[in-house]
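A quick write-up on the structure given underneath.
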Amino acid sequence: MCARCVPQAVSGPSRSGGGPAPSVYRLPGPALRRRAVRHPEGRPYEPYDCDFAGLDRRARAVAARLGRLLPPGSRVLLAYQPGADLAGAFYGCLYAGMAAVPLVGGGPDGAGTVAEAVERCRPAAVLTGADAWTALAVDRSRTQVVEADGSRVGGDPVDRLAQEWRPVGVLRTAPGYERYVADGLGGGRMEPALRHGDLADAVGELAVAAGRGTTEDSLGWIASVHGLEDAVWRMLLLAPGGVGSA
């Protein structure tokens, strides 16, 4: 996500003010659902034409489609440019109880990086935008490729799929995010998975820091300590209060 995705004024609970510790912050998926119900027209990311209700609808559609194809716990590679489509796919994986592996922008070598990432992380499926589906360098006889954007997921309308979605029980200990690093060392590497609870704890801390006026660079440093890449913490830190706010 671009730099403008960082909320300019984030209100979050403070430990010194008696607010909850990061360990009790809501998991990211349920947090977005709550925000979509309470503030449907609020904007999670300022640069993109998407409100909380729209992001939740995209995520439910992705989760419904993934639920038809894969069991919970499956690894899903996300090949997108920064934007609302990436955020919808990421939250869709969380809603479905699957582990998202974002590959934002295709890496330094474009299609070649996608092929290397698929070979290295062996995802059960790849999600990508409809405009990139045909050209994506993936052996479809081995790996399912599903196009997912704001209009359709796997060829089905987002609105219809979103209505079909049913929640799955997602534990704090279930893997939610895995980072692929395209560093050129033998085709890249996978870093240890972060659990849903890890994501909630990390973004809870980020929300508190942002509420205290912490600079964007410092927020990025906090996120990196927790193992979150730039695009991921920006998606999770929903304006104006992150996953920990109501």
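In the structure tokens, chains take letters A, B, ... by order of appearance, with residues numbered from 1 within each chain and ligands from 1 in the order shown.
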Close residues, Arg38 in chain A itself excluded, 10 Å, only C-alpha atoms, min 3 positions apart in chain, as an mmCIF file with N, CA, C and O atoms, in the first residue's frame:
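That gives us selection39.cif:
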```cif
data_model
loop_
_atom_site.group_PDB
_atom_site.id
_atom_site.type_symbol
_atom_site.label_atom_id
_atom_site.label_comp_id
_atom_site.auth_asym_id
_atom_site.auth_seq_id
_atom_site.Cartn_x
_atom_site.Cartn_y
_atom_site.Cartn_z
ATOM 1 N N LEU A 32 -12.696 -6.470 11.330
ATOM 2 C CA LEU A 32 -13.238 -5.840 10.126
ATOM 3 C C LEU A 32 -14.744 -6.047 10.044
ATOM 4 O O LEU A 32 -15.486 -5.123 9.684
ATOM 5 N N ARG A 33 -15.216 -7.240 10.375
ATOM 6 C CA ARG A 33 -16.658 -7.496 10.355
ATOM 7 C C ARG A 33 -17.388 -6.513 11.270
ATOM 8 O O ARG A 33 -18.435 -5.964 10.907
ATOM 9 N N ARG A 34 -16.835 -6.290 12.446
ATOM 10 C CA ARG A 34 -17.453 -5.376 13.409
ATOM 11 C C ARG A 34 -17.472 -3.952 12.870
ATOM 12 O O ARG A 34 -18.473 -3.241 12.977
ATOM 13 N N ARG A 35 -16.364 -3.537 12.261
ATOM 14 C CA ARG A 35 -16.303 -2.187 11.709
ATOM 15 C C ARG A 35 -17.291 -2.021 10.559
ATOM 16 O O ARG A 35 -17.895 -0.964 10.384
ATOM 17 N N GLU A 41 -19.931 2.961 6.069
ATOM 18 C CA GLU A 41 -19.494 3.933 5.071
ATOM 19 C C GLU A 41 -18.139 4.550 5.403
ATOM 20 O O GLU A 41 -17.649 5.407 4.661
ATOM 21 N N GLY A 42 -17.531 4.135 6.509
ATOM 22 C CA GLY A 42 -16.197 4.618 6.832
ATOM 23 C C GLY A 42 -15.180 4.115 5.825
ATOM 24 O O GLY A 42 -15.376 3.092 5.172
ATOM 25 N N PHE A 52 -15.762 0.398 4.513
ATOM 26 C CA PHE A 52 -15.681 -0.813 5.327
ATOM 27 C C PHE A 52 -16.647 -1.881 4.838
ATOM 28 O O PHE A 52 -16.308 -3.067 4.786
ATOM 29 N N ALA A 53 -17.864 -1.470 4.478
ATOM 30 C CA ALA A 53 -18.839 -2.447 3.988
ATOM 31 C C ALA A 53 -18.357 -3.094 2.697
ATOM 32 O O ALA A 53 -18.508 -4.306 2.499
ATOM 33 N N ALA A 246 -13.291 -0.226 18.140
ATOM 34 C CA ALA A 246 -14.665 -0.618 17.860
ATOM 35 C C ALA A 246 -15.195 0.104 16.648
ATOM 36 O O ALA A 246 -16.246 -0.219 16.176
#
```
Non-local contacts of Arg57 in chain A (8 Å; only C-alpha atoms; under 2 positions in same chain excluded) as a PyMOL selection string: chain A and resi 53-55+59-61+158-159+162
Who sits within 9 Å of range 190-203 of chain A, only C-alpha atoms, same chain under 5 positions skipped, as a ChimeraX atom specification: /A:21-29,94,97,99,117,120-121,170-182,208,222-223,226-228,233,236-237,242-244
Store the residues of this selection in a file with N, CA, C and O atoms, as a short mmCIF file (atom, residue, chain, number, x, y, z; two decimals), in the first residue's frame.
```cif
data_model
loop_
_atom_site.label_atom_id
_atom_site.label_comp_id
_atom_site.auth_asym_id
_atom_site.auth_seq_id
_atom_site.Cartn_x
_atom_site.Cartn_y
_atom_site.Cartn_z
N ALA A 21 -4.55 -4.84 26.95
CA ALA A 21 -3.24 -5.15 26.41
C ALA A 21 -3.41 -5.75 25.03
O ALA A 21 -4.48 -6.25 24.68
N PRO A 22 -2.34 -5.70 24.18
CA PRO A 22 -2.48 -6.22 22.82
C PRO A 22 -2.96 -7.65 22.75
O PRO A 22 -3.59 -8.04 21.77
N SER A 23 -2.71 -8.48 23.76
CA SER A 23 -3.08 -9.89 23.69
C SER A 23 -4.58 -10.10 23.64
O SER A 23 -5.04 -11.18 23.26
N VAL A 24 -5.37 -9.08 24.02
CA VAL A 24 -6.82 -9.26 24.01
C VAL A 24 -7.47 -8.49 22.87
O VAL A 24 -8.69 -8.37 22.81
N TYR A 25 -6.68 -7.94 21.97
CA TYR A 25 -7.27 -7.27 20.81
C TYR A 25 -8.01 -8.29 19.96
O TYR A 25 -7.65 -9.46 19.90
N ARG A 26 -9.05 -7.82 19.28
CA ARG A 26 -9.82 -8.70 18.42
C ARG A 26 -8.96 -9.20 17.27
O ARG A 26 -8.09 -8.51 16.77
N LEU A 27 -9.26 -10.39 16.82
CA LEU A 27 -8.57 -10.91 15.64
C LEU A 27 -8.93 -10.04 14.44
O LEU A 27 -10.02 -9.48 14.37
N PRO A 28 -8.03 -9.92 13.46
CA PRO A 28 -8.26 -8.99 12.35
C PRO A 28 -9.55 -9.25 11.57
O PRO A 28 -10.25 -8.30 11.20
N GLY A 29 -9.87 -10.51 11.30
CA GLY A 29 -11.09 -10.79 10.54
C GLY A 29 -12.34 -10.32 11.25
O GLY A 29 -13.12 -9.52 10.71
N LEU A 94 -8.21 -14.48 5.69
CA LEU A 94 -8.41 -14.51 7.13
C LEU A 94 -9.82 -15.00 7.47
O LEU A 94 -10.00 -15.80 8.39
N GLY A 97 -10.05 -18.69 7.23
CA GLY A 97 -9.16 -19.47 8.08
C GLY A 97 -7.98 -20.03 7.33
O GLY A 97 -7.46 -21.10 7.68
N ALA A 99 -4.02 -19.26 5.28
CA ALA A 99 -2.80 -18.47 5.45
C ALA A 99 -2.50 -17.71 4.16
O ALA A 99 -2.29 -18.31 3.11
N ALA A 117 7.94 -17.84 -6.54
CA ALA A 117 7.21 -17.88 -5.28
C ALA A 117 6.30 -19.10 -5.21
O ALA A 117 6.20 -19.75 -4.17
N ARG A 120 8.43 -22.08 -4.52
CA ARG A 120 8.99 -22.11 -3.18
C ARG A 120 7.94 -22.38 -2.11
O ARG A 120 8.16 -23.18 -1.20
N CYS A 121 6.79 -21.70 -2.18
CA CYS A 121 5.84 -21.81 -1.08
C CYS A 121 4.75 -22.85 -1.33
O CYS A 121 4.01 -23.20 -0.41
N VAL A 170 -12.12 -19.60 13.65
CA VAL A 170 -10.70 -19.33 13.45
C VAL A 170 -10.06 -19.13 14.82
O VAL A 170 -10.43 -18.24 15.57
N LEU A 171 -9.09 -19.97 15.15
CA LEU A 171 -8.40 -19.88 16.43
C LEU A 171 -7.26 -18.87 16.37
O LEU A 171 -6.68 -18.63 15.31
N ARG A 172 -6.92 -18.31 17.52
CA ARG A 172 -5.77 -17.40 17.58
C ARG A 172 -4.49 -18.10 17.15
O ARG A 172 -3.57 -17.47 16.63
N THR A 173 -4.43 -19.41 17.34
CA THR A 173 -3.21 -20.16 17.03
C THR A 173 -3.13 -20.62 15.58
O THR A 173 -2.13 -21.20 15.17
N ALA A 174 -4.17 -20.36 14.79
CA ALA A 174 -4.17 -20.78 13.39
C ALA A 174 -3.28 -19.85 12.56
O ALA A 174 -3.27 -18.64 12.77
N PRO A 175 -2.51 -20.39 11.60
CA PRO A 175 -1.67 -19.52 10.76
C PRO A 175 -2.53 -18.59 9.92
O PRO A 175 -3.53 -19.01 9.33
N GLY A 176 -2.14 -17.30 9.87
CA GLY A 176 -2.91 -16.33 9.11
C GLY A 176 -2.12 -15.63 8.03
O GLY A 176 -2.70 -15.14 7.05
N TYR A 177 -0.79 -15.58 8.20
CA TYR A 177 0.04 -14.81 7.26
C TYR A 177 1.43 -15.41 7.21
O TYR A 177 2.02 -15.73 8.25
N GLU A 178 1.92 -15.60 6.00
CA GLU A 178 3.29 -16.04 5.79
C GLU A 178 3.97 -15.09 4.81
O GLU A 178 3.38 -14.70 3.81
N ARG A 179 5.19 -14.75 5.11
CA ARG A 179 5.92 -13.78 4.29
C ARG A 179 6.89 -14.48 3.36
O ARG A 179 7.73 -15.27 3.80
N TYR A 180 6.76 -14.18 2.07
CA TYR A 180 7.71 -14.66 1.08
C TYR A 180 8.68 -13.53 0.77
O TYR A 180 8.25 -12.41 0.46
N VAL A 181 9.96 -13.81 0.86
CA VAL A 181 10.99 -12.80 0.60
C VAL A 181 11.72 -13.17 -0.69
O VAL A 181 12.41 -14.20 -0.75
N ALA A 182 11.55 -12.36 -1.72
CA ALA A 182 12.20 -12.61 -3.01
C ALA A 182 13.59 -12.00 -2.98
O ALA A 182 13.85 -10.95 -3.58
N VAL A 208 -2.03 1.54 19.10
CA VAL A 208 -1.69 2.36 20.26
C VAL A 208 -0.62 3.38 19.88
O VAL A 208 -0.70 4.57 20.21
N ILE A 222 8.13 -0.78 13.98
CA ILE A 222 7.41 -1.64 14.91
C ILE A 222 6.84 -2.85 14.17
O ILE A 222 6.93 -3.99 14.64
N ALA A 223 6.26 -2.60 13.00
CA ALA A 223 5.68 -3.69 12.22
C ALA A 223 6.75 -4.70 11.82
O ALA A 223 6.53 -5.92 11.88
N HIS A 226 7.70 -7.18 14.38
CA HIS A 226 6.70 -8.25 14.51
C HIS A 226 6.66 -9.16 13.29
O HIS A 226 5.89 -10.12 13.26
N GLY A 227 7.46 -8.86 12.26
CA GLY A 227 7.50 -9.70 11.08
C GLY A 227 6.50 -9.34 10.00
O GLY A 227 6.24 -10.14 9.11
N LEU A 228 5.93 -8.11 10.07
CA LEU A 228 4.95 -7.67 9.08
C LEU A 228 5.62 -6.84 8.00
O LEU A 228 6.31 -5.86 8.30
N TRP A 233 1.01 -4.48 7.14
CA TRP A 233 0.60 -3.69 8.30
C TRP A 233 -0.29 -2.53 7.89
O TRP A 233 -1.19 -2.13 8.64
N LEU A 236 -3.76 -3.95 7.64
CA LEU A 236 -4.34 -4.33 8.92
C LEU A 236 -4.66 -3.14 9.81
O LEU A 236 -5.60 -3.20 10.60
N LEU A 237 -3.91 -2.06 9.67
CA LEU A 237 -4.14 -0.89 10.51
C LEU A 237 -5.26 -0.06 9.89
O LEU A 237 -5.04 0.95 9.23
N GLY A 242 -7.46 0.99 13.72
CA GLY A 242 -6.81 -0.30 13.71
C GLY A 242 -7.74 -1.42 14.12
O GLY A 242 -8.91 -1.22 14.42
N VAL A 243 -7.24 -2.64 14.14
CA VAL A 243 -8.09 -3.78 14.45
C VAL A 243 -8.54 -3.78 15.89
O VAL A 243 -9.48 -4.48 16.24
N GLY A 244 -7.91 -3.01 16.74
CA GLY A 244 -8.29 -3.05 18.14
C GLY A 244 -9.43 -2.13 18.50
O GLY A 244 -9.89 -2.14 19.63
#
```
Members of range 46-197 of chain A assigned helix (DSSP H, G or I) by DSSP, as a VMD selection string: chain A and resid 52 to 69 84 to 95 111 to 121 130 to 132 158 to 164 196 to 197
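Checking A:Arg166, A:Arg65, A:Arg122, A:Arg160 one by one against Val138 in chain A, counting only C-alpha atoms, you find the shortest gap at A:Arg122.
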